[in-house]
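Engineer: Have a look at this one.
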2 protein chains.
Amino acid sequence: MCNEPRAESREPVAESREPRAESRIMTDHITHYLATTHARHLAQLREFLSIPSISALSSHAPDVRRCAEWVVGAMRGAGLERARLIETAGNPVAYGEWMRAPGAPTVLVYGHYDVQPVDPLERWTSPPFAPTVRDGKLFARGATDDKGQLFAHLAAIEAHLRVTGRLPVNLRMVVEGEEEIGCAHVQALVRERAELLAASVVVISDTAMFARGVPSICRALRGIAYLEVEVRGAATDLHSGSFGGTVANPALALAWMLGSMKDASGRVTVPGFYDAARALGAEERAELARLPFDEARYREALGAPALVGEAGFTTLERAWTRPTLDVNGFHSGFAGEGVKTVIPSTAVAKVSMRLVPDQDPTAIGDLVERHLLEIAPPGVEVRVTGRHGGRAYEASTGHPFMRAAARAMERAFGVRPAFTREGGSNPIVSTFAEVLGAPVILFGLGLPDDNAHAPDEKIDLDQLRRGVVAVAELYGEIGGG
Amino acid sequence: MCNEPRAESREPVAESREPRAESRIMTDHITHYLATTHARHLAQLREFLSIPSISALSSHAPDVRRCAEWVVGAMRGAGLERARLIETAGNPVAYGEWMRAPGAPTVLVYGHYDVQPVDPLERWTSPPFAPTVRDGKLFARGATDDKGQLFAHLAAIEAHLRVTGRLPVNLRMVVEGEEEIGCAHVQALVRERAELLAASVVVISDTAMFARGVPSICRALRGIAYLEVEVRGAATDLHSGSFGGTVANPALALAWMLGSMKDASGRVTVPGFYDAARALGAEERAELARLPFDEARYREALGAPALVGEAGFTTLERAWTRPTLDVNGFHSGFAGEGVKTVIPSTAVAKVSMRLVPDQDPTAIGDLVERHLLEIAPPGVEVRVTGRHGGRAYEASTGHPFMRAAARAMERAFGVRPAFTREGGSNPIVSTFAEVLGAPVILFGLGLPDDNAHAPDEKIDLDQLRRGVVAVAELYGEIGGG
């Protein structure tokens, strides 16, 4: 739907006819191969999805490691070489490569085997780690984020190697286990072992297409700044009858602090929050306005009573190009079934800010932390912890590899892809761009209603099937067709 | 410390000398008897405390019933007659009586066998249902609220009956299992079966003395109005990256709503909240000011950074005689260990208001519910549920039975008791006063640092020992000495 990919697919970059034809035949073979392996691949993906590799919960550490080992095995099974775990100060990274295409570009495929926690568990139709197919969709935690999308690459690699005995590119695959908790250790690895990870281009399939039937390549991600705030009052929970009225209530204090950070229209009220945010140009706004976006359907799909956001911006602009602030969760006192009338001793909230280009995560974290400490009401102590963050990312749509990606997507899905953006954050993306000096292609194969991070996460099996073909095509297009 | 009990103990109401002397001898026998049974009684109380009769959690329903049956057995063991369960629409009531003192007053002893939930469990030094003695104190959920205090009555009844073969009064004992969740069914029972519960005076031991060494009788309780508020946004938790900025955040909306209900000084800002509240007279304020209250020690005992409350009132006035509002707990989204960046689908809070005489719980609940619905920000739906409440209670300190209670307390503790108040709520108190037309003596045997409703709840064993004697004396004083 964007100008660039349209122009692209009308005028492909110059290339010889023969390899193109050869490539066509190769693609048919690969597609055929994938059709015959579908059942086995589905079983394999279900096995992958049944490992509860929740990186946020230390009780799942053994599952996380088991999952990393599973990925190494799957790499070997697909035909990658030197497949192994690379230890980090945190969860291990699964690494595999195929470097037998001298002269061809090197693709670094990045993904993650860790998943989000599953609460609220009672909102899942089938258990999150018992992968279940319903209505052509595979439901499980990690189905789209990111095990299912990562699996598309493993299947495409296997298909290329089994059908042709080679890959059209050199390829390194890096699959980490801390994406859902900030990517700290893999970022360190990228910085420390740049020689091991040297690549011409990075490909990440960890995002959603614009819509079913509207394939897209994501050209920008928001950044993130994250923190947790803890408010403490008395040393223990107190009987609210005996002591109510004499001490500050940490739950109320935290509520008041959080409530003061954003106005009802959705504008963040922390002083200085918007100062560095890069404003969108008129052309970029026009690009977004051309996308086939149905606001009513979007609202309906979310099941939200109304769409609410910063005045002066469209919904897509709010989601993709404007910084914002959310409370991701809070807890205080007794919130279970029944009644327990206490003044809680503590209250905690998790707060994340989504950032746009030119906003520095550390500076924004500083701003918000300072604000919280300054507005703390009397009678409580406030502590900010858990800060981490990552910058926003924006790619040029004119790069040859971005154009190659657009062609691959069109061949798999039969439609020219749009260049879109994503509101989500992935600090690893800007680290790759910065350290490797390589473009990062966000080659998302999910759908917007896949429930990433939410109950009933799923991947559409038809979408996944086409996604595998798209990835196989992408390797071919990057390798020169 | 108050005028009335002091005057009282200098000028006892007219009574014959002989019964007084007889009573003295009887008391000595009872005290001796209790010394010999101490170990057995402690073992029996530990058994009582080891039953996790948490009425707020439906998963504990079998424990609640088991506990009711335990009480019936203990009543029989103490010598009460017709001991049995009375079924209600909720948890059963344990009932026992001894009605063989024709012409003597009838005492209705009320208590409860249900206990508060135990969260946060990790803050308990020993498990809440593994009663443990440390440093002369018995630690367990329910140790003071109310199993330990109730047990003092069972022990005193047993002692009277074993030593003298009779009680100085007729006595009915009513022990319910829903005190911690609002007393709804026992209140209905009191209203429907007033003939069964007819009594000259009600005695409840479910409060704390003013301080160790400062025995006291509580003359007033605050009322309560309780509600839960649920804020709903989108149908599921949403990825805060993908959707942040486009929909309302229920956690933020709830925070904002809660934060707007009380100012930083502790004054409730809900319109009309204070309109009906009865102000304390100058004499009553003076009565409170005479109590030996050490504000610094109070703050220190609570471990609170500072005492914070409504301007223009002392800490004791704030705790006992002023209405207030507290958030008892809230929860939204992901608040566990680690990071999960969602926009929560829902947020819930539990809110209670403490009331003073002339405030109507239903009217206050209406006010607060209307306020919450009115201030709900756009993009969320707000629902108020779980409303219940009870009126405040205030007793006359001049009643003969109140004077009798003061004498009993002085004989057990060697000090004239003060008449105090309590910030806590007990809707059953006003129901008894209204339906039975009888005075209610709040004959509290706990200490202020007993951690009722909190981790490490305990009862001081020396306090309990004196408490049993005080109860035995109370029966004697009410029966005419």
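Labels for the structure tokens follow display order: chains A, B, ..., residues from 1 in each chain, ligands from 1.
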Set the distance at 12 Å and use only C-alpha atoms: which residues neighbour Asp263 of chain A once local chain neighbours fewer than 6 positions away are removed? I'd like the list as an MDAnalysis selection string.
Structural biologist: (chainID A and resid 269:270 308:311 324:326) or (chainID B and resid 245 248:249 252:253 255:257 377:378)
Engineer: Enumerate the residues of segment 254-391 of chain B with a DSSP assignment of strand (DSSP E), computed from the backbone, and present them as an MDAnalysis selection string.
Structural biologist: chainID B and resid 324:333 342:343 346:355 381:390
Engineer: Using only C-alpha atoms, which of the listed residues (B:Ala211, B:Thr246, B:Arg466, B:Leu316) sits closest to Glu295 of chain A?
Structural biologist: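 Smallest distance to Glu295 of chain A is found for B:Thr246.
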Engineer: Taking only C-alpha atoms into account, name the residue in A:Cys67, A:Leu445, A:Leu461, A:Val109 that is nearest to Met173 of chain A.
Structural biologist: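 Ranked by minimum distance to Met173 of chain A, first place goes to A:Val109.
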Engineer: So that I can see what lies close to segment 183-196 of chain A, please list as a list in words the residues with an atom at most 9 Å from it, counting only C-alpha atoms and leaving out residues fewer than 5 positions away in the same chain.
Structural biologist: Thr88, Ala89, Gly90, Asn91, Pro92, Val93, Arg172, Glu176, Gly177, Glu178, His388, Asn426, Pro427, Ile428, Thr431, Phe432, Val435 and Leu436 of chain A
